[in-house]
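Text of entry.cif (mmCIF, C-alpha atoms) as supplied:
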```cif
data_start
loop_
_atom_site.label_atom_id
_atom_site.label_comp_id
_atom_site.auth_asym_id
_atom_site.auth_seq_id
_atom_site.Cartn_x
_atom_site.Cartn_y
_atom_site.Cartn_z
CA MET A 211 122.89 77.42 75.49
CA ARG A 212 125.13 79.70 73.45
CA PRO A 213 128.87 79.58 74.25
CA LEU A 214 129.05 83.27 75.13
CA THR A 215 126.05 83.01 77.45
CA TRP A 216 127.52 79.94 79.12
CA LEU A 217 130.88 81.65 79.55
CA ARG A 218 129.23 84.74 81.05
CA GLN A 219 127.26 82.69 83.56
CA GLU A 220 130.34 80.70 84.53
CA LEU A 221 132.37 83.86 85.12
CA LEU A 222 129.60 85.46 87.15
CA SER A 223 129.34 82.37 89.32
CA ARG A 224 133.11 82.45 89.94
CA PRO A 225 134.00 86.12 90.58
CA TYR A 226 137.56 85.43 91.71
CA VAL A 227 138.30 83.55 88.50
CA ALA A 228 136.89 86.37 86.39
CA ASP A 229 138.81 89.03 88.35
CA THR A 230 142.03 87.01 88.10
CA ILE A 231 141.66 86.86 84.33
CA LEU A 232 140.99 90.62 84.31
CA ALA A 233 144.07 91.30 86.46
CA VAL A 234 146.29 89.19 84.16
CA CYS A 235 144.99 91.04 81.11
CA VAL A 236 145.62 94.45 82.66
CA TYR A 237 149.08 93.35 83.73
CA ALA A 238 149.84 92.16 80.22
CA MET A 239 148.61 95.46 78.79
CA THR A 240 150.84 97.28 81.25
CA LEU A 241 153.89 95.33 80.14
CA LEU A 242 153.16 95.36 76.42
CA ALA A 243 151.74 98.86 75.99
CA PRO A 244 153.95 101.33 74.14
CA LEU A 245 155.85 103.49 76.61
CA PRO A 246 156.50 107.21 76.35
CA PRO A 247 160.13 107.81 75.42
CA GLY A 248 162.24 107.87 78.54
CA VAL A 249 165.70 108.82 77.32
CA GLY A 250 168.69 107.95 79.51
CA PRO A 251 172.20 109.41 79.56
CA ASP A 252 173.28 107.21 76.66
CA GLY A 253 170.36 108.36 74.51
CA ARG A 254 168.52 105.03 74.60
CA ILE A 255 164.89 104.45 75.62
CA GLN A 256 164.71 103.39 79.22
CA PRO A 257 162.77 100.11 79.76
CA LEU A 258 160.21 99.64 82.56
CA THR A 259 162.17 99.52 85.80
CA THR A 260 162.03 96.85 88.47
CA SER A 261 160.07 99.19 90.74
CA GLY A 262 157.60 99.76 87.92
CA LEU A 263 157.14 96.02 87.51
CA VAL A 264 156.56 95.63 91.24
CA LEU A 265 154.04 98.46 91.31
CA ALA A 266 152.26 97.03 88.27
CA SER A 267 152.11 93.65 90.01
CA VAL A 268 150.64 95.22 93.16
CA VAL A 269 148.08 97.30 91.28
CA CYS A 270 147.00 94.47 89.01
CA GLY A 271 147.06 91.89 91.79
CA ALA A 272 144.77 94.06 93.90
CA LEU A 273 142.14 93.88 91.12
CA ILE A 274 141.49 90.23 92.07
CA PHE A 275 139.82 91.43 95.30
CA ARG A 276 137.95 94.43 93.85
CA GLN A 277 134.48 92.90 94.38
CA ARG A 278 135.09 91.91 97.98
CA TRP A 279 136.88 95.06 99.17
CA PRO A 280 136.23 97.71 96.48
CA ARG A 281 137.18 100.78 98.50
CA ALA A 282 140.40 99.25 99.87
CA VAL A 283 141.39 98.05 96.40
CA LEU A 284 140.66 101.52 95.01
CA ALA A 285 143.02 103.06 97.57
CA VAL A 286 145.74 100.54 96.65
CA THR A 287 145.41 101.11 92.91
CA VAL A 288 145.41 104.91 93.25
CA ALA A 289 148.42 104.79 95.57
CA GLY A 290 150.20 102.44 93.15
CA PHE A 291 149.48 104.76 90.24
CA VAL A 292 150.79 107.79 92.15
CA ALA A 293 153.93 105.89 93.17
CA SER A 294 154.46 104.80 89.57
CA VAL A 295 154.26 108.38 88.33
CA VAL A 296 156.60 109.63 91.06
CA ILE A 297 159.17 106.87 90.51
CA ASP A 298 159.00 106.21 86.78
CA GLY A 299 157.39 109.40 85.52
CA GLY A 300 154.13 107.68 84.69
CA ARG A 301 155.54 105.55 81.88
CA GLY A 302 153.12 102.66 82.41
CA PRO A 303 149.33 102.73 81.81
CA LEU A 304 148.50 101.96 85.45
CA ASP A 305 145.65 104.52 85.42
CA LEU A 306 143.51 101.72 83.96
CA GLY A 307 143.48 100.00 87.38
CA PRO A 308 141.85 102.90 89.26
CA ALA A 309 139.28 103.30 86.45
CA ILE A 310 138.26 99.63 86.74
CA VAL A 311 137.87 99.87 90.52
CA VAL A 312 135.96 103.17 90.22
CA TYR A 313 133.49 101.28 88.01
CA THR A 314 133.14 98.63 90.72
CA VAL A 315 132.57 101.23 93.44
CA ALA A 316 129.99 103.07 91.33
CA SER A 317 128.10 99.82 90.71
CA ARG A 318 127.93 99.06 94.45
CA PHE A 319 127.34 102.38 96.22
CA PRO A 320 124.78 105.19 95.90
CA ARG A 321 125.12 107.66 93.07
CA ARG A 322 126.35 110.57 95.18
CA LYS A 323 129.14 108.55 96.80
CA ALA A 324 130.09 107.04 93.45
CA TRP A 325 130.52 110.40 91.72
CA VAL A 326 132.34 111.94 94.68
CA CYS A 327 134.72 108.99 94.67
CA GLY A 328 135.21 109.23 90.88
CA GLY A 329 135.83 112.97 91.11
CA LEU A 330 138.45 112.55 93.85
CA VAL A 331 140.27 109.85 91.88
CA ALA A 332 140.24 112.01 88.74
CA LEU A 333 141.58 114.95 90.76
CA VAL A 334 144.40 112.84 92.24
CA VAL A 335 145.34 111.46 88.82
CA THR A 336 145.34 114.94 87.26
CA VAL A 337 147.40 116.58 90.01
CA THR A 338 149.86 113.68 89.99
CA LYS A 339 150.33 113.91 86.22
CA VAL A 340 150.78 117.68 86.28
CA VAL A 341 153.03 117.91 89.34
CA PHE A 342 155.25 114.82 89.04
CA ALA A 343 155.16 114.05 85.31
CA GLY A 344 155.36 117.66 84.14
CA SER A 345 152.30 117.40 81.92
CA ALA A 346 150.14 120.36 80.99
CA TRP A 347 146.63 120.62 82.42
CA LEU A 348 145.00 120.03 79.03
CA ALA A 349 147.53 117.55 77.70
CA PRO A 350 146.13 114.31 76.22
CA GLU A 351 147.92 112.19 78.85
CA VAL A 352 145.97 114.15 81.50
CA LEU A 353 142.57 114.28 79.81
CA ALA A 354 142.56 110.60 78.81
CA PRO A 355 142.62 109.23 82.41
CA ILE A 356 139.98 111.77 83.44
CA ALA A 357 137.75 110.65 80.58
CA SER A 358 138.25 106.95 81.39
CA ILE A 359 137.46 107.50 85.06
CA GLY A 360 134.35 109.54 84.23
CA MET A 361 133.17 106.89 81.78
CA ALA A 362 133.81 104.12 84.31
CA THR A 363 131.79 106.01 86.94
CA ALA A 364 128.90 106.56 84.53
CA VAL A 365 128.82 102.90 83.42
CA GLY A 366 128.99 101.66 87.01
CA ASP A 367 126.23 104.01 88.10
CA ALA A 368 124.06 102.90 85.17
CA LEU A 369 124.61 99.25 86.12
CA ARG A 370 123.68 99.97 89.73
CA SER A 371 120.52 101.78 88.61
CA ARG A 372 119.58 98.86 86.36
CA ARG A 373 120.12 96.36 89.17
CA ALA A 374 117.98 98.45 91.50
CA TYR A 375 115.25 98.72 88.87
CA VAL A 376 115.26 94.96 88.20
CA ALA A 377 115.21 94.24 91.94
CA ALA A 378 112.28 96.64 92.41
CA VAL A 379 110.37 95.03 89.54
CA GLU A 380 111.00 91.54 90.94
CA GLU A 381 109.92 92.67 94.41
CA ARG A 382 106.72 94.19 93.04
CA ALA A 383 106.05 91.00 91.10
CA ARG A 384 106.65 88.91 94.22
CA ARG A 385 104.34 91.07 96.31
CA ALA A 386 101.71 91.05 93.59
CA GLU A 387 101.88 87.26 93.47
CA GLU A 388 101.54 87.05 97.25
CA THR A 389 98.63 89.49 97.13
CA ARG A 390 96.93 87.44 94.41
CA GLU A 391 97.36 84.27 96.43
CA GLU A 392 96.04 85.93 99.59
CA GLU A 393 93.10 87.38 97.67
CA ALA A 394 92.34 83.98 96.14
CA GLU A 395 92.45 82.33 99.56
CA ARG A 396 90.22 85.04 101.01
CA ARG A 397 87.67 84.65 98.23
CA VAL A 398 87.70 80.88 98.65
CA MET A 399 87.09 81.21 102.38
CA GLU A 400 84.29 83.73 101.82
CA GLU A 401 82.69 81.45 99.26
CA ARG A 402 82.96 78.46 101.57
CA LEU A 403 81.31 80.43 104.38
CA ARG A 404 78.57 81.63 102.05
CA ILE A 405 77.86 78.11 100.81
CA ALA A 406 77.90 76.78 104.38
CA ARG A 407 75.41 79.45 105.49
CA GLU A 408 73.11 78.77 102.56
CA LEU A 409 73.11 75.01 103.06
CA HIS A 410 72.64 75.41 106.80
CA ASP A 411 69.76 77.85 106.45
CA VAL A 412 68.10 75.88 103.64
CA LEU A 413 68.23 72.52 105.42
CA ALA A 414 68.07 73.40 109.11
CA HIS A 415 64.59 74.90 108.86
CA HIS A 416 63.00 71.92 107.14
CA ILE A 417 64.90 69.31 109.13
CA ALA A 418 63.84 70.98 112.36
CA LEU A 419 60.20 70.86 111.22
CA ILE A 420 60.60 67.21 110.22
CA ASN A 421 62.09 66.43 113.61
CA VAL A 422 59.29 68.13 115.51
CA GLN A 423 56.52 66.58 113.41
CA ALA A 424 58.13 63.13 113.64
CA GLN A 425 58.17 63.41 117.43
CA VAL A 426 54.53 64.47 117.42
CA ALA A 427 53.57 61.57 115.17
CA ALA A 428 55.43 59.10 117.37
CA HIS A 429 53.78 60.53 120.48
CA VAL A 430 50.17 60.40 119.23
CA LEU A 431 50.39 57.47 116.82
CA ALA A 432 48.56 55.05 119.12
CA THR A 433 45.99 57.43 120.62
CA GLU A 434 45.22 59.92 117.84
CA PRO A 435 45.96 58.37 114.44
CA GLU A 436 44.45 61.31 112.53
CA GLN A 437 46.80 63.79 114.18
CA ALA A 438 49.70 61.40 113.56
CA ARG A 439 48.69 61.17 109.91
CA ALA A 440 48.62 64.98 109.68
CA ALA A 441 52.04 65.20 111.29
CA LEU A 442 53.44 62.68 108.82
CA GLY A 443 51.92 64.75 106.02
CA HIS A 444 53.84 67.75 107.32
CA VAL A 445 56.98 65.61 107.41
CA ARG A 446 56.46 64.62 103.79
CA THR A 447 55.84 68.22 102.73
CA ALA A 448 58.88 69.55 104.62
CA GLY A 449 61.05 66.79 103.18
CA LYS A 450 59.91 67.57 99.65
CA GLU A 451 60.59 71.29 100.11
CA ALA A 452 64.01 70.53 101.60
CA LEU A 453 64.91 68.41 98.59
CA GLU A 454 63.72 71.10 96.18
CA GLU A 455 65.74 73.83 97.87
CA LEU A 456 68.78 71.57 98.13
CA ARG A 457 68.49 70.71 94.44
CA THR A 458 68.25 74.41 93.57
CA THR A 459 71.27 75.29 95.69
CA VAL A 460 73.40 72.48 94.28
CA GLY A 461 72.35 73.46 90.76
CA LEU A 462 73.55 77.00 91.34
CA LEU A 463 76.86 75.76 92.73
CA ARG A 464 77.42 73.47 89.73
CA ARG A 465 76.68 76.23 87.25
CA PRO A 466 79.86 77.47 85.52
CA GLY A 467 80.88 81.06 86.11
CA SER A 468 82.03 83.23 88.95
CA GLY A 469 80.47 83.22 92.37
CA ASP A 470 79.10 86.71 91.83
CA GLU A 471 76.64 85.31 89.32
CA LEU A 472 75.00 83.29 92.08
CA LEU A 473 74.00 86.48 93.82
CA THR A 474 71.80 87.42 90.89
CA GLU A 475 69.54 84.38 91.39
CA PRO A 476 66.18 84.99 93.06
CA ALA A 477 66.58 84.81 96.84
CA PRO A 478 63.93 84.74 99.57
CA GLY A 479 63.12 87.96 101.35
CA LEU A 480 60.72 89.36 103.91
CA ASP A 481 57.91 89.14 101.36
CA ARG A 482 57.95 85.39 102.08
CA LEU A 483 57.65 85.92 105.81
CA PRO A 484 53.94 84.83 105.94
CA GLU A 485 54.85 81.50 104.31
CA LEU A 486 57.67 81.02 106.81
CA ILE A 487 55.39 81.79 109.75
CA ASP A 488 52.76 79.36 108.43
CA SER A 489 55.34 76.57 108.13
CA PHE A 490 56.24 76.92 111.81
CA THR A 491 52.69 77.34 113.09
CA SER A 492 51.59 74.28 111.15
CA ALA A 493 54.36 72.39 112.94
CA GLY A 494 52.80 73.32 116.28
CA LEU A 495 54.94 76.30 117.27
CA LYS A 496 52.95 79.01 119.04
CA LEU A 497 53.98 82.08 117.12
CA GLY A 498 52.87 85.64 116.49
CA TRP A 499 54.32 88.34 114.31
CA THR A 500 53.94 92.07 113.81
CA VAL A 501 55.25 94.59 111.33
CA TYR A 502 55.86 98.26 112.22
CA GLY A 503 56.52 101.09 109.84
CA ASP A 504 55.91 101.11 106.11
CA PRO A 505 57.12 97.91 104.41
CA ARG A 506 59.19 98.71 101.35
CA PRO A 507 61.50 96.90 98.94
CA LEU A 508 64.91 96.36 100.52
CA PRO A 509 68.32 95.86 98.94
CA ALA A 510 68.64 92.18 98.02
CA PRO A 511 71.47 91.39 100.50
CA VAL A 512 69.59 93.06 103.36
CA ASP A 513 66.30 91.38 102.43
CA LEU A 514 67.95 87.96 102.30
CA ALA A 515 69.83 88.51 105.58
CA ALA A 516 66.64 89.59 107.37
CA PHE A 517 64.70 86.57 106.12
CA ARG A 518 67.46 84.09 107.00
CA ILE A 519 67.89 85.56 110.48
CA VAL A 520 64.14 85.15 111.19
CA GLN A 521 64.20 81.65 109.72
CA GLU A 522 67.19 80.52 111.75
CA ALA A 523 65.91 82.12 114.97
CA LEU A 524 62.56 80.33 114.65
CA THR A 525 64.35 77.10 113.75
CA ASN A 526 66.36 77.37 116.96
CA VAL A 527 63.17 77.94 118.92
CA SER A 528 61.52 74.89 117.37
CA LYS A 529 64.59 72.74 118.08
CA HIS A 530 65.53 73.88 121.56
CA ALA A 531 62.24 75.13 123.01
CA PRO A 532 59.35 73.76 120.92
CA ARG A 533 56.89 74.35 123.79
CA ALA A 534 57.76 78.05 123.95
CA THR A 535 55.71 80.92 122.60
CA ALA A 536 57.63 83.05 120.12
CA SER A 537 57.04 86.43 118.53
CA VAL A 538 58.55 88.04 115.46
CA ARG A 539 58.78 91.80 115.07
CA ILE A 540 59.85 93.59 111.90
CA ASP A 541 60.37 97.34 112.26
CA TYR A 542 60.94 99.47 109.17
CA THR A 543 62.69 102.80 109.85
CA PRO A 544 63.89 105.32 107.26
CA ASP A 545 67.48 104.00 107.31
CA GLU A 546 67.21 100.55 108.86
CA VAL A 547 65.14 97.44 109.20
CA ILE A 548 65.08 95.88 112.67
CA VAL A 549 64.44 92.17 113.06
CA GLU A 550 63.62 90.75 116.48
CA VAL A 551 62.62 87.22 117.48
CA VAL A 552 61.74 86.58 121.14
CA ASP A 553 60.56 83.44 122.91
CA ASP A 554 59.38 82.94 126.48
CA GLY A 555 61.91 80.21 127.12
CA GLU A 556 59.59 77.32 128.03
CA SER A 557 61.90 74.30 127.96
CA ASP A 558 61.22 71.16 125.99
CA PRO A 559 60.20 68.29 128.26
CA LEU A 560 61.83 65.83 125.83
CA GLY A 561 65.21 67.50 126.42
CA ILE A 562 66.38 68.28 122.93
CA SER A 563 70.14 68.89 122.55
CA PRO A 564 71.21 72.54 122.71
CA GLY A 565 73.13 72.23 119.42
CA THR A 566 76.57 73.40 118.33
CA GLY A 567 75.90 77.12 117.92
CA HIS A 568 76.43 77.32 114.13
CA GLY A 569 73.04 78.98 113.80
CA LEU A 570 74.02 81.97 115.93
CA ILE A 571 77.34 82.22 114.10
CA GLY A 572 75.55 82.19 110.75
CA MET A 573 73.07 84.88 111.83
CA ARG A 574 75.88 87.10 113.09
CA GLU A 575 77.81 86.64 109.84
CA ARG A 576 74.74 87.55 107.78
CA ALA A 577 74.20 90.71 109.80
CA LEU A 578 77.83 91.73 109.56
CA SER A 579 77.89 91.03 105.81
CA VAL A 580 75.54 94.01 105.33
CA GLU A 581 77.31 96.10 108.01
CA GLY A 582 74.54 95.48 110.51
CA ILE A 583 74.48 94.88 114.26
CA PHE A 584 73.54 91.51 115.76
CA ARG A 585 72.71 90.67 119.36
CA ALA A 586 71.49 87.39 120.79
CA GLY A 587 71.21 86.09 124.33
CA PRO A 588 68.94 85.09 127.19
CA MET A 589 66.61 87.64 128.77
CA GLY A 590 66.51 88.41 132.47
CA ASP A 591 63.01 87.02 133.05
CA GLY A 592 63.61 83.87 131.02
CA GLY A 593 63.47 83.30 127.30
CA PHE A 594 65.80 84.22 124.49
CA ARG A 595 66.04 87.24 122.21
CA VAL A 596 67.58 87.58 118.77
CA ARG A 597 67.87 91.14 117.44
CA ALA A 598 69.47 92.42 114.25
CA VAL A 599 69.68 96.01 113.03
CA LEU A 600 70.34 96.06 109.29
CA PRO A 601 71.06 99.34 107.47
CA THR A 602 69.16 99.88 104.24
CA SER A 603 71.35 102.58 102.72
CA ARG A 604 72.38 102.44 99.06
CA LYS A 605 75.83 100.99 99.88
CA ASN A 606 74.09 97.65 100.49
CA GLU A 607 72.36 97.64 97.16
CA PRO A 608 73.70 95.11 94.64
#
```

Can you turn what I pasted into structure tokens?
Amino acid sequence: MRPLTWLRQELLSRPYVADTILAVCVYAMTLLAPLPPGVGPDGRIQPLTTSGLVLASVVCGALIFRQRWPRAVLAVTVAGFVASVVIDGGRGPLDLGPAIVVYTVASRFPRRKAWVCGGLVALVVTVTKVVFAGSAWLAPEVLAPIASIGMATAVGDALRSRRAYVAAVEERARRAEETREEEAERRVMEERLRIARELHDVLAHHIALINVQAQVAAHVLATEPEQARAALGHVRTAGKEALEELRTTVGLLRRPGSGDELLTEPAPGLDRLPELIDSFTSAGLKLGWTVYGDPRPLPAPVDLAAFRIVQEALTNVSKHAPRATASVRIDYTPDEVIVEVVDDGESDPLGISPGTGHGLIGMRERALSVEGIFRAGPMGDGGFRVRAVLPTSRKNEP
């Protein structure tokens, strides 16, 4: 660290030390400065009187406290200067004290107050010099203090403006950093939710089919070996498909690049609905499906959300009510696609666990991600209905 930089930092960290050094220097300048000729009765130059020394000590001593009480110190220095002019005719350069404190006031207070304060001090100094020292209005000894006070006010105001600018820049930088951190956390949470939904939807369907077929195989293994063999074949097929989809998903997650690139990968849509229906019917679920309106290509996010909602709804039926009869309805309207999955609510005699509810949460999140509406709940006459209304406007297009 350079010596001057070190000295500056030390003085800034110890304001009273710095102001004491300043006060001593001003006092020394007051004592050693050349005095205007004050001629006494004997024709000799009058030295600085005892009262002048006392006033100089008061004015310079007050400078030590200029940063803690700037306005009070300004009043003391101005009063000391006026008293010096009245008593000694202004033979000491005590106008330097008010100029220093004016600088301090201007660096601490708003611009308007600073310039009003500087103007009042300059007016007091001028009137005092003219009235009590007999100086002319445009004399150098009058204009010099006015110039020093004006310069001190301008420098102090510039320092205050710079401090305010630096503080504003630091505040903006701090807020920008906080915003970046919040945005990063939000994107991480969104990505975690997206990955969780994808893994849940990819695996839950096939695992549910494996579970149902395994129960069927165990139930008919002794009495109907051919049906058990067919069920185990379905288990093997569902397991293979689950592994393939899991491998694909993990491969996409391991691929370098931003998460937005994953959205460009081919994703299932309602065009794969027949395959999905066949996978459930082959597992023994009684299921029917109908399509109303004119099928048309949908925005990729809407198409994926619709397919996953149907898939998860049928998976829930197969897990929680495998003996039920379910129906799928897809309704294409000019501005929306409506997905509805209904089952008659026939309970499973084996008493399968009702689950944790992540499926419903995932379906709701998928609907909301495309600004859709999701409703799910039991019906009055028994059964369960899942209904999603997904807008197909251009704002959902990738």

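When you apply the PyMOL selection byres ((chain A and resi 284) around 10) to this structure, what comes back is Val269, Ala272, Leu273, Arg276, Trp279, Pro280, Arg281, Ala282, Val283, Ala285, Val286, Thr287, Val288, Ala289, Gly290, Gly307, Pro308, Ala309, Ile310, Val311, Val312, Thr314, Val315, Cys327 and Val331 of chain A.
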
query = To one decimal place, how far is CA of Ala438 (chain A) from CA of Pro484 (chain A) in Å?
reply = 25.0 Å

task = Run the PyMOL selection byres ((chain A and resi 521) around 12) on the file and write out the hits as a VMD selection string.
result = chain A and resid 408 410 to 416 418 to 419 478 to 480 482 to 490 514 to 520 522 to 528 538 549 to 551 569 to 570 572 to 573 596

Pairwise distance for CA of Leu333 (chain A) and CA of Tyr313 (chain A), rounded to one decimal in Å = 16.1 Å

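In this structure, CA of Val227 (chain A) sits 17.6 Å away from CA of Val268 (chain A).
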
ask   = Just so the selection is clear, what residues does the PyMOL selection byres ((chain A and resi 425) around 12) cover here, as number ranges by chain?
value = A: 418-424, 426-431, 437-438, 441-442, 444-445, 493-494, 528-529, 532, 558, 560, 562

List every residue of region 236-351 of chain A that has an atom at most 12 Å from any atom of region 373-397 of chain A, and for each one report the closest atom pair and its distance in Å to one decimal, counting only C-alpha atoms, with rows sorted by chain and then by increasing residue number, as JSON lines.
```
{"residue": "A:Ser317", "atom": "CA", "partner": "A:Arg373", "partner_atom": "CA", "distance": 8.8}
{"residue": "A:Arg318", "atom": "CA", "partner": "A:Arg373", "partner_atom": "CA", "distance": 9.8}
{"residue": "A:Phe319", "atom": "CA", "partner": "A:Ala374", "partner_atom": "CA", "distance": 11.2}
{"residue": "A:Pro320", "atom": "CA", "partner": "A:Ala374", "partner_atom": "CA", "distance": 10.5}
{"residue": "A:Arg321", "atom": "CA", "partner": "A:Ala374", "partner_atom": "CA", "distance": 11.8}
```

ask   = Which polymer residues have any atom within 8 Å of an atom of Thr602 (chain A), counting all atoms listed in the file, with same-chain residues fewer than 6 positions away left out, as number ranges by chain?
value = A: 508-509, 512, 545-547

Same residues, C-alpha atoms, saved as a compact mmCIF listing (two decimals), keeping the file's coordinate frame:
```
# COMPACT_ATOMS: atom_id res chain seq x y z
CA LEU A 508 64.91 96.36 100.52
CA PRO A 509 68.32 95.86 98.94
CA VAL A 512 69.59 93.06 103.36
CA ASP A 545 67.48 104.00 107.31
CA GLU A 546 67.21 100.55 108.86
CA VAL A 547 65.14 97.44 109.20
```

With only C-alpha atoms as the counted atoms, please give the residues lying no more than 7 Å from Gly328 (chain A), apart from itself and same-chain residues fewer than 4 positions off, as a PDB file with C-alpha atoms, in the frame of the given file.
```pdb
ATOM      1  CA  VAL A 312     135.960 103.170  90.220  1.00  0.00           C
ATOM      2  CA  ALA A 324     130.090 107.040  93.450  1.00  0.00           C
ATOM      3  CA  ALA A 332     140.240 112.010  88.740  1.00  0.00           C
ATOM      4  CA  ILE A 359     137.460 107.500  85.060  1.00  0.00           C
ATOM      5  CA  GLY A 360     134.350 109.540  84.230  1.00  0.00           C
ATOM      6  CA  THR A 363     131.790 106.010  86.940  1.00  0.00           C
TER       7      THR A 363
END
```

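Restricting the calculation to only C-alpha atoms, the smallest distance between Ala364 (chain A) and any of A:Gly498, A:His530, A:Val340, A:Gly329 is found for A:Gly329.
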
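You can rank A:Asp305, A:Ile297, A:Leu353, A:Val365 by their closest distance to Trp325 (chain A) using all atoms listed in the file, and at the top of that list sits A:Val365.
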
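Of the residues under consideration (A:Asp481, A:Asp513, A:Asp541, A:Asp553), A:Asp553 shows the shortest atom-to-atom contact distance to Leu497 (chain A) when counting all atoms listed in the file.
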
Selection as a VMD selection string: residues within 12 Å of (154.4, 110.6, 91.1), counting all atoms listed in the file = chain A and resid 262 288 to 302 304 334 to 345
